[in-house]
Amino acid sequence: SQTIHQWPATLVQPVGSPLSLECTVEGTSNPNLYWYRQAAGRGLQLLFYSVGIGQISSEVPQNLSASRPQDRQFILSSKKLLLSDSGFYLCACSSGSTTEKLFFGSGTQLSVL
Amino acid sequence: EDQVTQSPEALRLQEGESSSLNCSYTVSGLRGLFWYRQDPGKGPEFLFTLYSAGEEKEKERLKATLTKKESFLHITAPKPEDSATYLCAVQAYSGAGSYQLTFGKGTKLSVIP
């Protein structure tokens, strides 16, 4: 089964600083990859998804961007962080079927101060 | 707009006290309903997928059921290790050959010894 490596586990960054979160997947090839954000009191919000290398779809307008330079690598970035970017960021993957379950990484708790 | 509502927001049970968590949804073209378990500071872990009304799935002390309007996660004789946040997600057709996955805010379950 799939294993998702996500790091760092926690991150504290000042407003205006850049961000790079990395996610790598093992145990599958050509997965669909996702970045979610989970804020306190809110459901999981889909930020980006990718069905292949270099293919990125954004679900909401925001201060963040995503890239997929390799089949099993997904990166979440920002040039200048905002206070509102604070939250719990989760990388997830699925095998590609429209009804396939998601496997999640362990998440990154980002605090922007 | 597709909506997924989970209730209650929080539930405290004594060990051995059975109960149910509710997930009600308003979507057209349901593709599947998913239950996940999330421990504090961790990513969600897949539990069940339900596809059609009347379907039931079981795993240890958990049983998930589905009707046309809602799903229940029944917990029989819970133990302290069942304490977690339980998330419900609904996948529905969103047009142009694509599907959207919408998460509820979760129910935080605490099982007291």
# chains A, B, ... in the order shown; residues from 1 in each chain; ligands from 1
$ interface_residues --of "chain B" --to "chain A" --cutoff "12 Å" --atoms "only C-alpha atoms" --output "ChimeraX atom specification"
/B:3-6,9-10,30-51,85-94,97-108
$ residues_around --residues "range 63-79 of chain A" --least-positions-apart "2" --cutoff "7 Å" --atoms "only C-alpha atoms" --output "PDB file with N, CA and C atoms, in the first residue's frame"
ATOM      1  N   SER A  17       7.797  35.628   4.657  1.00  0.00           N
ATOM      2  CA  SER A  17       8.866  34.679   4.327  1.00  0.00           C
ATOM      3  C   SER A  17       8.372  33.654   3.317  1.00  0.00           C
ATOM      4  N   PRO A  18       9.280  32.981   2.606  1.00  0.00           N
ATOM      5  CA  PRO A  18       8.848  31.963   1.639  1.00  0.00           C
ATOM      6  C   PRO A  18       8.543  30.644   2.333  1.00  0.00           C
ATOM      7  N   LEU A  19       7.887  29.764   1.569  1.00  0.00           N
ATOM      8  CA  LEU A  19       7.496  28.456   2.099  1.00  0.00           C
ATOM      9  C   LEU A  19       7.743  27.385   1.059  1.00  0.00           C
ATOM     10  N   SER A  20       8.205  26.228   1.532  1.00  0.00           N
ATOM     11  CA  SER A  20       8.290  25.056   0.668  1.00  0.00           C
ATOM     12  C   SER A  20       8.033  23.822   1.507  1.00  0.00           C
ATOM     13  N   LEU A  21       6.939  23.148   1.210  1.00  0.00           N
ATOM     14  CA  LEU A  21       6.596  21.888   1.861  1.00  0.00           C
ATOM     15  C   LEU A  21       6.681  20.788   0.823  1.00  0.00           C
ATOM     16  N   GLU A  22       7.310  19.686   1.216  1.00  0.00           N
ATOM     17  CA  GLU A  22       7.513  18.610   0.251  1.00  0.00           C
ATOM     18  C   GLU A  22       6.802  17.331   0.687  1.00  0.00           C
ATOM     19  N   CYS A  23       6.340  16.619  -0.306  1.00  0.00           N
ATOM     20  CA  CYS A  23       5.622  15.372  -0.081  1.00  0.00           C
ATOM     21  C   CYS A  23       6.127  14.354  -1.103  1.00  0.00           C
ATOM     22  N   THR A  24       6.476  13.163  -0.641  1.00  0.00           N
ATOM     23  CA  THR A  24       6.862  12.098  -1.562  1.00  0.00           C
ATOM     24  C   THR A  24       6.044  10.849  -1.253  1.00  0.00           C
ATOM     25  N   VAL A  25       5.778  10.079  -2.289  1.00  0.00           N
ATOM     26  CA  VAL A  25       4.917   8.913  -2.183  1.00  0.00           C
ATOM     27  C   VAL A  25       5.696   7.659  -2.544  1.00  0.00           C
ATOM     28  N   ASN A  30       2.290   6.728 -10.735  1.00  0.00           N
ATOM     29  CA  ASN A  30       1.312   7.591 -11.372  1.00  0.00           C
ATOM     30  C   ASN A  30       0.103   7.886 -10.481  1.00  0.00           C
ATOM     31  N   PHE A  48      -4.892  22.052  -3.977  1.00  0.00           N
ATOM     32  CA  PHE A  48      -4.388  21.693  -5.302  1.00  0.00           C
ATOM     33  C   PHE A  48      -4.507  20.188  -5.495  1.00  0.00           C
ATOM     34  N   GLY A  52      -0.753  14.204 -12.876  1.00  0.00           N
ATOM     35  CA  GLY A  52       0.475  13.781 -13.530  1.00  0.00           C
ATOM     36  C   GLY A  52       1.558  14.843 -13.404  1.00  0.00           C
ATOM     37  N   ILE A  53       2.774  14.495 -13.834  1.00  0.00           N
ATOM     38  CA  ILE A  53       3.908  15.414 -13.755  1.00  0.00           C
ATOM     39  C   ILE A  53       3.589  16.720 -14.469  1.00  0.00           C
ATOM     40  N   GLY A  54       3.798  17.820 -13.777  1.00  0.00           N
ATOM     41  CA  GLY A  54       3.578  19.134 -14.362  1.00  0.00           C
ATOM     42  C   GLY A  54       2.137  19.548 -14.498  1.00  0.00           C
ATOM     43  N   ILE A  56      -1.147  20.643 -12.675  1.00  0.00           N
ATOM     44  CA  ILE A  56      -1.624  21.138 -11.398  1.00  0.00           C
ATOM     45  C   ILE A  56      -2.947  21.839 -11.599  1.00  0.00           C
ATOM     46  N   LEU A  81       4.534  34.497   2.777  1.00  0.00           N
ATOM     47  CA  LEU A  81       3.460  33.978   3.619  1.00  0.00           C
ATOM     48  C   LEU A  81       2.632  35.096   4.258  1.00  0.00           C
TER      49      LEU A  81
END
$ atom_distance --atom1 "CA of Ser110 in chain B" --atom2 "CA of Ile4 in chain A"
27.5 Å
$ atom_distance --atom1 "CA of Glu70 in chain B" --atom2 "CA of Ala84 in chain B"
20.8 Å
